[in-house]
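Below: the structure, in structure tokens.
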Amino acid sequence: MTQTRFCYCCRVHHPIDQMRPFPTRQGTRWRCIRSIEAAACSLPERDAFGQQQTAKNREESRRIAERTQLLRHERRLAV
Ligand SMILES: [Zn+2]
């Protein structure tokens, strides 16, 4: 019988030769090589996407704030 270890990333057991100790904030957890490599590839991409979204949101809220100010200003002129 092959020895297996629980992969906290996939939440399944993998053969122990596919497993590597992976440091996390909670301590060392076991992850399979595949999940570690997949994360190493996708993480910078996800970060870039997140930054893009943050910039978009900031721009959007600035535009809304400007429009609100403009409306308030117009209303004051109309009165
Ligand atoms: Zn895994």
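A note on labels: chains of the structure tokens are A, B, ... as shown, every chain counts residues from 1, and ligands are counted from 1 in their shown order.
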
(request) Can you tell me which residues come within 8 Å of ligand 1 when counting only C-alpha atoms and all ligand atoms, ideally as a list in words? (result) Phe6, Cys7, Tyr8, Cys9, Cys10, Arg11, Val12, His13, His14, Met19, Arg31, Cys32, Ile33, Arg34 and Ser35 of chain A

(message) I'd like the neighbourhood of Trp30 in chain A as a ChimeraX atom specification, where a residue qualifies if any of its atoms comes within 6 Å (using only C-alpha atoms), though same-chain residues fewer than 4 positions away should be ignored.
(response) /A:7,20-22

Taking C-alpha atoms for each residue, export the selection above as a PDB file, in the first residue's frame.
```pdb
ATOM      1  CA  CYS A   7      -3.076  17.754   0.815  1.00  0.00           C
ATOM      2  CA  ARG A  20       6.141  18.773  -0.131  1.00  0.00           C
ATOM      3  CA  PRO A  21       6.058  20.642   3.191  1.00  0.00           C
ATOM      4  CA  PHE A  22       4.703  24.112   2.499  1.00  0.00           C
TER       5      PHE A  22
END
```

(request) Enumerate, as a PyMOL selection string, the complete set of residues in chain A that a backbone-based DSSP assignment places in helix (DSSP H, G or I). (result) chain A and resi 16-18+33-78

Could those residues be written to a file, using N, CA and C atoms, as a tab-separated table (two decimals), in the first residue's frame?
```tsv
chain	number	residue	atom	x	y	z
A	16	ILE	N	2.80	10.05	-1.02
A	16	ILE	CA	3.74	10.89	-0.26
A	16	ILE	C	4.87	11.45	-1.13
A	17	ASP	N	5.21	10.75	-2.21
A	17	ASP	CA	6.31	11.25	-3.05
A	17	ASP	C	5.90	12.47	-3.88
A	18	GLN	N	4.61	12.79	-3.91
A	18	GLN	CA	4.14	14.00	-4.60
A	18	GLN	C	3.97	15.17	-3.63
A	33	ILE	N	3.01	18.78	-5.16
A	33	ILE	CA	3.86	19.57	-6.05
A	33	ILE	C	3.00	20.31	-7.08
A	34	ARG	N	1.99	19.63	-7.57
A	34	ARG	CA	1.15	20.22	-8.63
A	34	ARG	C	0.46	21.50	-8.15
A	35	SER	N	-0.09	21.47	-6.95
A	35	SER	CA	-0.81	22.64	-6.45
A	35	SER	C	0.16	23.79	-6.16
A	36	ILE	N	1.38	23.46	-5.71
A	36	ILE	CA	2.38	24.50	-5.45
A	36	ILE	C	2.79	25.17	-6.75
A	37	GLU	N	3.02	24.35	-7.78
A	37	GLU	CA	3.42	24.90	-9.08
A	37	GLU	C	2.29	25.71	-9.71
A	38	ALA	N	1.08	25.23	-9.58
A	38	ALA	CA	-0.08	25.96	-10.12
A	38	ALA	C	-0.22	27.31	-9.44
A	39	ALA	N	-0.01	27.34	-8.13
A	39	ALA	CA	-0.13	28.59	-7.37
A	39	ALA	C	0.97	29.56	-7.76
A	40	ALA	N	2.19	29.03	-7.98
A	40	ALA	CA	3.32	29.88	-8.34
A	40	ALA	C	3.07	30.56	-9.68
A	41	CYS	N	2.35	29.89	-10.56
A	41	CYS	CA	2.06	30.46	-11.88
A	41	CYS	C	0.92	31.46	-11.82
A	42	SER	N	-0.11	31.16	-11.04
A	42	SER	CA	-1.33	31.97	-11.11
A	42	SER	C	-1.31	33.15	-10.14
A	43	LEU	N	-0.45	33.11	-9.13
A	43	LEU	CA	-0.50	34.15	-8.10
A	43	LEU	C	-0.18	35.55	-8.62
A	44	PRO	N	0.95	35.76	-9.35
A	44	PRO	CA	1.23	37.12	-9.82
A	44	PRO	C	0.13	37.65	-10.74
A	45	GLU	N	-0.44	36.78	-11.54
A	45	GLU	CA	-1.53	37.17	-12.43
A	45	GLU	C	-2.73	37.69	-11.63
A	46	ARG	N	-3.07	36.93	-10.59
A	46	ARG	CA	-4.21	37.31	-9.77
A	46	ARG	C	-3.95	38.64	-9.08
A	47	ASP	N	-2.70	38.86	-8.65
A	47	ASP	CA	-2.35	40.12	-8.00
A	47	ASP	C	-2.52	41.29	-8.94
A	48	ALA	N	-2.07	41.11	-10.18
A	48	ALA	CA	-2.18	42.17	-11.18
A	48	ALA	C	-3.65	42.47	-11.45
A	49	PHE	N	-4.45	41.43	-11.52
A	49	PHE	CA	-5.88	41.60	-11.75
A	49	PHE	C	-6.51	42.35	-10.59
A	50	GLY	N	-6.14	42.00	-9.38
A	50	GLY	CA	-6.68	42.66	-8.18
A	50	GLY	C	-6.32	44.14	-8.17
A	51	GLN	N	-5.08	44.46	-8.54
A	51	GLN	CA	-4.65	45.86	-8.56
A	51	GLN	C	-5.43	46.64	-9.61
A	52	GLN	N	-5.67	45.99	-10.75
A	52	GLN	CA	-6.45	46.63	-11.81
A	52	GLN	C	-7.85	46.95	-11.32
A	53	GLN	N	-8.46	45.97	-10.64
A	53	GLN	CA	-9.81	46.16	-10.11
A	53	GLN	C	-9.84	47.29	-9.09
A	54	THR	N	-8.83	47.36	-8.23
A	54	THR	CA	-8.77	48.39	-7.21
A	54	THR	C	-8.70	49.76	-7.86
A	55	ALA	N	-7.86	49.88	-8.90
A	55	ALA	CA	-7.71	51.15	-9.60
A	55	ALA	C	-9.02	51.55	-10.27
A	56	LYS	N	-9.70	50.56	-10.84
A	56	LYS	CA	-10.97	50.82	-11.51
A	56	LYS	C	-12.01	51.30	-10.50
A	57	ASN	N	-12.04	50.64	-9.36
A	57	ASN	CA	-13.00	51.02	-8.32
A	57	ASN	C	-12.72	52.43	-7.81
A	58	ARG	N	-11.44	52.75	-7.66
A	58	ARG	CA	-11.07	54.07	-7.14
A	58	ARG	C	-11.52	55.15	-8.13
A	59	GLU	N	-11.27	54.89	-9.41
A	59	GLU	CA	-11.66	55.81	-10.47
A	59	GLU	C	-13.18	56.02	-10.47
A	60	GLU	N	-13.90	54.90	-10.30
A	60	GLU	CA	-15.35	54.93	-10.32
A	60	GLU	C	-15.90	55.77	-9.16
A	61	SER	N	-15.37	55.55	-7.97
A	61	SER	CA	-15.89	56.28	-6.81
A	61	SER	C	-15.52	57.76	-6.89
A	62	ARG	N	-14.39	58.06	-7.53
A	62	ARG	CA	-13.99	59.46	-7.71
A	62	ARG	C	-14.96	60.16	-8.66
A	63	ARG	N	-15.35	59.43	-9.72
A	63	ARG	CA	-16.28	59.98	-10.70
A	63	ARG	C	-17.64	60.25	-10.06
A	64	ILE	N	-18.08	59.30	-9.23
A	64	ILE	CA	-19.37	59.45	-8.56
A	64	ILE	C	-19.33	60.65	-7.61
A	65	ALA	N	-18.22	60.79	-6.89
A	65	ALA	CA	-18.07	61.89	-5.95
A	65	ALA	C	-18.11	63.22	-6.69
A	66	GLU	N	-17.45	63.28	-7.83
A	66	GLU	CA	-17.43	64.51	-8.62
A	66	GLU	C	-18.83	64.88	-9.10
A	67	ARG	N	-19.55	63.86	-9.57
A	67	ARG	CA	-20.89	64.10	-10.10
A	67	ARG	C	-21.82	64.57	-8.98
A	68	THR	N	-21.69	63.98	-7.81
A	68	THR	CA	-22.52	64.36	-6.67
A	68	THR	C	-22.26	65.82	-6.32
A	69	GLN	N	-20.99	66.21	-6.34
A	69	GLN	CA	-20.64	67.59	-6.03
A	69	GLN	C	-21.21	68.53	-7.07
A	70	LEU	N	-21.14	68.12	-8.31
A	70	LEU	CA	-21.64	68.93	-9.42
A	70	LEU	C	-23.15	69.14	-9.29
A	71	LEU	N	-23.86	68.06	-8.98
A	71	LEU	CA	-25.31	68.13	-8.82
A	71	LEU	C	-25.67	69.09	-7.70
A	72	ARG	N	-24.94	68.98	-6.59
A	72	ARG	CA	-25.20	69.83	-5.45
A	72	ARG	C	-24.99	71.29	-5.85
A	73	HIS	N	-23.92	71.52	-6.63
A	73	HIS	CA	-23.58	72.87	-7.06
A	73	HIS	C	-24.68	73.44	-7.95
A	74	GLU	N	-25.15	72.61	-8.93
A	74	GLU	CA	-26.19	73.06	-9.84
A	74	GLU	C	-27.48	73.39	-9.10
A	75	ARG	N	-27.80	72.56	-8.13
A	75	ARG	CA	-29.02	72.77	-7.36
A	75	ARG	C	-28.95	74.10	-6.61
A	76	ARG	N	-27.77	74.39	-6.11
A	76	ARG	CA	-27.60	75.63	-5.35
A	76	ARG	C	-27.81	76.83	-6.26
A	77	LEU	N	-27.33	76.72	-7.51
A	77	LEU	CA	-27.47	77.81	-8.48
A	77	LEU	C	-28.93	78.00	-8.87
A	78	ALA	N	-29.67	76.88	-8.96
A	78	ALA	CA	-31.06	76.93	-9.41
A	78	ALA	C	-31.95	77.59	-8.37
```

(message) For the structure I just gave you, how does DSSP split chain A - specifically, which residues are strand (DSSP E or B)? Reply as a list in words.
(response) Thr4, Arg5, Phe6, Cys7, Val12, His13, His14, Pro15, Met19, Arg20, Pro21, Phe22, Pro23, Thr24, Gly27, Thr28, Arg29, Trp30, Arg31 and Cys32 of chain A
